[in-house]
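File shown here: run-v8.pdb, holding PDB, C-alpha atoms.
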MODEL        1
ATOM      1  CA  MET A   1     154.011  71.093  73.851
ATOM      2  CA  ILE A   2     150.982  69.493  75.428
ATOM      3  CA  TYR A   3     150.964  65.696  75.712
ATOM      4  CA  LYS A   4     153.296  65.269  72.776
ATOM      5  CA  SER A   5     156.313  63.045  72.503
ATOM      6  CA  PHE A   6     159.511  64.993  73.085
ATOM      7  CA  GLU A   7     163.114  64.112  72.448
ATOM      8  CA  PHE A   8     165.870  66.473  73.495
ATOM      9  CA  PRO A   9     167.592  67.901  70.420
ATOM     10  CA  GLN A  10     171.293  66.995  70.262
ATOM     11  CA  SER A  11     172.212  70.694  70.233
ATOM     12  CA  LEU A  12     170.687  71.071  73.716
ATOM     13  CA  TYR A  13     173.451  68.921  75.178
ATOM     14  CA  LEU A  14     176.081  71.127  73.557
ATOM     15  CA  TYR A  15     174.761  74.338  75.120
ATOM     16  CA  PRO A  16     176.486  74.777  78.503
ATOM     17  CA  GLN A  17     174.780  78.159  79.143
ATOM     18  CA  LEU A  18     171.358  76.508  79.593
ATOM     19  CA  GLU A  19     170.570  76.984  83.301
ATOM     20  CA  THR A  20     166.776  76.525  83.456
ATOM     21  CA  LEU A  21     164.608  73.931  81.738
ATOM     22  CA  ILE A  22     160.831  73.659  82.160
ATOM     23  CA  LEU A  23     159.110  70.549  80.811
ATOM     24  CA  GLU A  24     155.323  70.539  81.033
ATOM     25  CA  LYS A  25     152.630  68.108  79.876
ATOM     26  CA  LEU A  26     154.739  66.045  77.539
ATOM     27  CA  SER A  27     155.993  62.524  77.004
ATOM     28  CA  LEU A  28     159.736  62.448  77.373
ATOM     29  CA  VAL A  29     161.530  60.022  75.075
ATOM     30  CA  ASP A  30     164.557  58.217  76.501
ATOM     31  CA  ILE A  31     167.724  60.174  77.180
ATOM     32  CA  PRO A  32     170.580  59.070  74.909
ATOM     33  CA  PRO A  33     173.706  57.678  76.583
ATOM     34  CA  ASN A  34     176.847  59.788  77.080
ATOM     35  CA  VAL A  35     175.138  63.182  77.148
ATOM     36  CA  SER A  36     175.033  65.890  79.787
ATOM     37  CA  LEU A  37     173.137  69.055  80.612
ATOM     38  CA  ILE A  38     176.282  70.494  82.184
ATOM     39  CA  GLY A  39     175.007  73.997  82.959
ATOM     40  CA  LEU A  40     171.483  73.112  84.113
ATOM     41  CA  LYS A  41     170.759  74.402  87.617
ATOM     42  CA  LYS A  42     166.947  74.506  87.631
ATOM     43  CA  LEU A  43     164.574  71.852  86.281
ATOM     44  CA  ASN A  44     160.778  71.819  86.395
ATOM     45  CA  LEU A  45     159.025  68.529  85.634
ATOM     46  CA  LEU A  46     155.346  69.409  85.424
ATOM     47  CA  SER A  47     153.032  66.518  84.507
ATOM     48  CA  VAL A  48     155.718  64.733  82.507
ATOM     49  CA  ARG A  49     155.301  61.159  81.237
ATOM     50  CA  PHE A  50     158.499  59.090  81.180
ATOM     51  CA  SER A  51     159.228  55.847  79.322
ATOM     52  CA  ASN A  52     159.766  54.122  82.717
ATOM     53  CA  ASP A  53     160.779  54.827  86.333
ATOM     54  CA  GLU A  54     164.489  54.616  85.459
ATOM     55  CA  SER A  55     164.118  57.436  82.899
ATOM     56  CA  VAL A  56     163.666  59.896  85.763
ATOM     57  CA  GLN A  57     166.950  58.800  87.315
ATOM     58  CA  ARG A  58     168.660  58.937  83.933
ATOM     59  CA  LEU A  59     167.450  62.505  83.315
ATOM     60  CA  LEU A  60     168.538  63.706  86.754
ATOM     61  CA  SER A  61     171.914  61.974  86.444
ATOM     62  CA  ILE A  62     172.866  64.013  83.367
ATOM     63  CA  CYS A  63     172.440  67.258  85.337
ATOM     64  CA  PRO A  64     175.650  67.384  87.431
ATOM     65  CA  ARG A  65     175.036  70.966  88.682
ATOM     66  CA  LEU A  66     171.293  70.721  89.379
ATOM     67  CA  GLU A  67     170.334  72.812  92.422
ATOM     68  CA  ASP A  68     166.586  73.422  92.104
ATOM     69  CA  LEU A  69     163.975  70.809  91.160
ATOM     70  CA  VAL A  70     160.203  71.215  90.932
ATOM     71  CA  VAL A  71     158.070  68.095  90.410
ATOM     72  CA  ARG A  72     154.334  68.209  89.787
ATOM     73  CA  ARG A  73     152.744  64.827  89.242
ATOM     74  CA  SER A  74     149.338  64.321  87.690
ATOM     75  CA  THR A  75     147.256  61.453  86.349
ATOM     76  CA  TYR A  76     149.286  61.839  83.150
ATOM     77  CA  THR A  77     152.539  61.107  85.015
ATOM     78  CA  ASN A  78     153.223  57.380  84.765
ATOM     79  CA  VAL A  79     156.210  56.984  87.108
ATOM     80  CA  MET A  80     155.368  54.738  90.043
ATOM     81  CA  VAL A  81     158.407  55.410  92.258
ATOM     82  CA  PHE A  82     159.951  58.783  91.499
ATOM     83  CA  THR A  83     163.604  58.509  92.569
ATOM     84  CA  ILE A  84     165.433  61.773  93.189
ATOM     85  CA  ASP A  85     169.097  61.026  93.821
ATOM     86  CA  VAL A  86     170.883  64.349  93.286
ATOM     87  CA  PRO A  87     173.862  65.193  95.551
ATOM     88  CA  THR A  88     173.977  68.866  94.403
ATOM     89  CA  LEU A  89     170.261  69.583  94.905
ATOM     90  CA  LYS A  90     169.585  72.533  97.254
ATOM     91  CA  CYS A  91     165.866  73.151  96.751
ATOM     92  CA  LEU A  92     163.134  70.583  96.064
ATOM     93  CA  SER A  93     159.414  71.188  95.643
ATOM     94  CA  ILE A  94     156.981  68.307  95.055
ATOM     95  CA  ASP A  95     153.254  68.575  94.349
ATOM     96  CA  ASN A  96     151.515  65.221  94.103
ATOM     97  CA  THR A  97     147.961  66.347  94.822
ATOM     98  CA  SER A  98     146.242  66.526  91.447
ATOM     99  CA  GLY A  99     144.436  63.632  89.899
ATOM    100  CA  GLU A 100     141.333  61.617  90.476
ATOM    101  CA  SER A 101     142.470  58.024  90.874
ATOM    102  CA  ARG A 102     145.352  56.387  92.686
ATOM    103  CA  PRO A 103     147.404  53.812  90.745
ATOM    104  CA  GLU A 104     147.599  50.200  91.905
ATOM    105  CA  GLY A 105     150.725  48.961  93.674
ATOM    106  CA  VAL A 106     153.646  50.831  95.182
ATOM    107  CA  HIS A 107     153.855  54.493  94.213
ATOM    108  CA  GLY A 108     155.671  57.429  95.741
ATOM    109  CA  PHE A 109     159.086  59.018  96.148
ATOM    110  CA  VAL A 110     162.642  58.140  97.112
ATOM    111  CA  ILE A 111     164.628  61.259  97.943
ATOM    112  CA  ASN A 112     168.377  61.275  98.421
ATOM    113  CA  ALA A 113     169.628  64.862  98.388
ATOM    114  CA  PRO A 114     172.256  65.459 101.099
ATOM    115  CA  SER A 115     172.826  69.123 100.097
ATOM    116  CA  LEU A 116     169.124  69.996 100.340
ATOM    117  CA  ARG A 117     168.473  73.257 102.180
ATOM    118  CA  CYS A 118     164.828  73.911 101.245
ATOM    119  CA  PHE A 119     162.203  71.175 100.900
ATOM    120  CA  SER A 120     158.471  71.282 100.246
ATOM    121  CA  ILE A 121     156.142  68.352  99.598
ATOM    122  CA  LYS A 122     152.355  68.224  99.239
ATOM    123  CA  ASP A 123     151.276  64.647  98.653
ATOM    124  CA  THR A 124     147.860  63.003  98.842
ATOM    125  CA  PHE A 125     148.538  60.001  96.574
ATOM    126  CA  SER A 126     151.735  58.209  97.596
ATOM    127  CA  ASN A 127     151.857  55.052  99.678
ATOM    128  CA  TYR A 128     155.660  54.924  99.720
ATOM    129  CA  VAL A 129     157.955  57.782 100.723
ATOM    130  CA  ARG A 130     161.604  57.401 101.701
ATOM    131  CA  PHE A 131     163.930  60.227 102.665
ATOM    132  CA  GLY A 132     167.712  60.076 102.882
ATOM    133  CA  ASP A 133     169.769  62.199 105.292
ATOM    134  CA  MET A 134     169.380  65.947 104.788
ATOM    135  CA  PRO A 135     172.003  67.472 107.114
ATOM    136  CA  GLU A 136     171.907  70.907 105.394
ATOM    137  CA  LEU A 137     168.113  71.334 105.587
ATOM    138  CA  VAL A 138     167.044  74.710 107.026
ATOM    139  CA  LYS A 139     163.468  75.056 105.711
ATOM    140  CA  ALA A 140     160.852  72.345 105.198
ATOM    141  CA  SER A 141     157.141  72.088 104.571
ATOM    142  CA  VAL A 142     155.815  68.521 104.649
ATOM    143  CA  ASN A 143     152.140  67.864 104.001
ATOM    144  CA  ILE A 144     151.505  64.175 103.324
ATOM    145  CA  ILE A 145     147.988  62.803 103.627
ATOM    146  CA  CYS A 146     147.399  59.145 102.890
ATOM    147  CA  ASP A 147     144.287  57.064 103.482
ATOM    148  CA  GLN A 148     146.132  53.798 102.846
ATOM    149  CA  PRO A 149     149.071  52.184 104.640
ATOM    150  CA  ILE A 150     152.450  53.751 103.978
ATOM    151  CA  LEU A 151     154.901  51.050 102.908
ATOM    152  CA  THR A 152     158.355  50.841 104.406
ATOM    153  CA  ALA A 153     161.399  49.904 102.323
ATOM    154  CA  ARG A 154     161.165  46.292 103.533
ATOM    155  CA  GLU A 155     157.453  46.041 102.698
ATOM    156  CA  LYS A 156     158.141  47.466  99.239
ATOM    157  CA  VAL A 157     160.739  44.785  98.544
ATOM    158  CA  GLN A 158     158.398  42.066  99.821
ATOM    159  CA  SER A 159     155.497  43.486  97.809
ATOM    160  CA  THR A 160     157.588  43.668  94.647
ATOM    161  CA  SER A 161     159.082  40.199  95.050
ATOM    162  CA  SER A 162     155.690  38.618  95.723
ATOM    163  CA  LYS A 163     154.494  39.819  92.289
ATOM    164  CA  ILE A 164     157.411  38.141  90.482
TER     165      ILE A 164
ENDMDL
END
Would you mind writing the file's structure down as structure tokens?
Amino acid sequence: MIYKSFEFPQSLYLYPQLETLILEKLSLVDIPPNVSLIGLKKLNLLSVRFSNDESVQRLLSICPRLEDLVVRRSTYTNVMVFTIDVPTLKCLSIDNTSGESRPEGVHGFVINAPSLRCFSIKDTFSNYVRFGDMPELVKASVNIICDQPILTAREKVQSTSSKI
């Protein structure tokens, strides 16, 4: 499905054998409450549009066994701060290099994945990146290029509260 609205079918939540899910170039409708992708171990989010920043967290929170996550952002992706808070995650790959224009305001990633063993990020668009502890990390490739100031957590809070 290319740039179409997508809602997970109810039967998908009842299928515990589903281990890999690839979503590409689509608009993801909100995740219903009280559902789970119990067997999902690998998720690819490739140029996915979400209803809001919290939808990313909601999707990841219904994947209690998720081990491998691939994120490719594009100009179609509308999430400003992509929060990845997945305690079971072992491998994370982020590509945030495609696109022609940078959005206004705070945009980037918050990564909290204490079980992470393999991490790769290529990023030329973010102005906010925050990493949690990664005590299990054994392999990393970090390539972040930014021609604007990188905001710290404190600056992000101040920036957000000054707009209110």
Can you turn the PyMOL selection byres ((chain A and resi 12-22) around 7) into a concrete residue list for this file, as an NGL selection string? :A and (8-11 or 23-24 or 35-45)
Any chance you could work out the residue set of the PyMOL selection byres ((chain A and resi 120-125) around 6) here, as a PyMOL selection string? chain A and resi 93-97+119+126+140-146
Please produce an output containing C-alpha atoms for each residue in the selection, written as a short mmCIF file (atom, residue, chain, number, x, y, z; two decimals), in the coordinates of the input.
data_model
loop_
_atom_site.label_atom_id
_atom_site.label_comp_id
_atom_site.auth_asym_id
_atom_site.auth_seq_id
_atom_site.Cartn_x
_atom_site.Cartn_y
_atom_site.Cartn_z
CA SER A 93 159.41 71.19 95.64
CA ILE A 94 156.98 68.31 95.06
CA ASP A 95 153.25 68.58 94.35
CA ASN A 96 151.51 65.22 94.10
CA THR A 97 147.96 66.35 94.82
CA PHE A 119 162.20 71.18 100.90
CA SER A 126 151.74 58.21 97.60
CA ALA A 140 160.85 72.34 105.20
CA SER A 141 157.14 72.09 104.57
CA VAL A 142 155.82 68.52 104.65
CA ASN A 143 152.14 67.86 104.00
CA ILE A 144 151.50 64.18 103.32
CA ILE A 145 147.99 62.80 103.63
CA CYS A 146 147.40 59.14 102.89
#
For a cutoff of 6 Å around the file-coordinate point (162.7, 65.1, 73.6), which residues qualify once you count only C-alpha atoms? I'd like the result as a PyMOL selection string. chain A and resi 6-8+28-29
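When CA of Lys90 (chain A) is paired with CA of Phe131 (chain A), their separation reads 14.6 Å.
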(177.3, 67.3, 93.4) in this file's frame - what residues fall within 7 Å of it? Use all atoms listed in the file and give the answer as a PyMOL selection string. chain A and resi 64-65+87-88
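CA of Asn112 (chain A) sits 4.7 Å away from CA of Asp85 (chain A).
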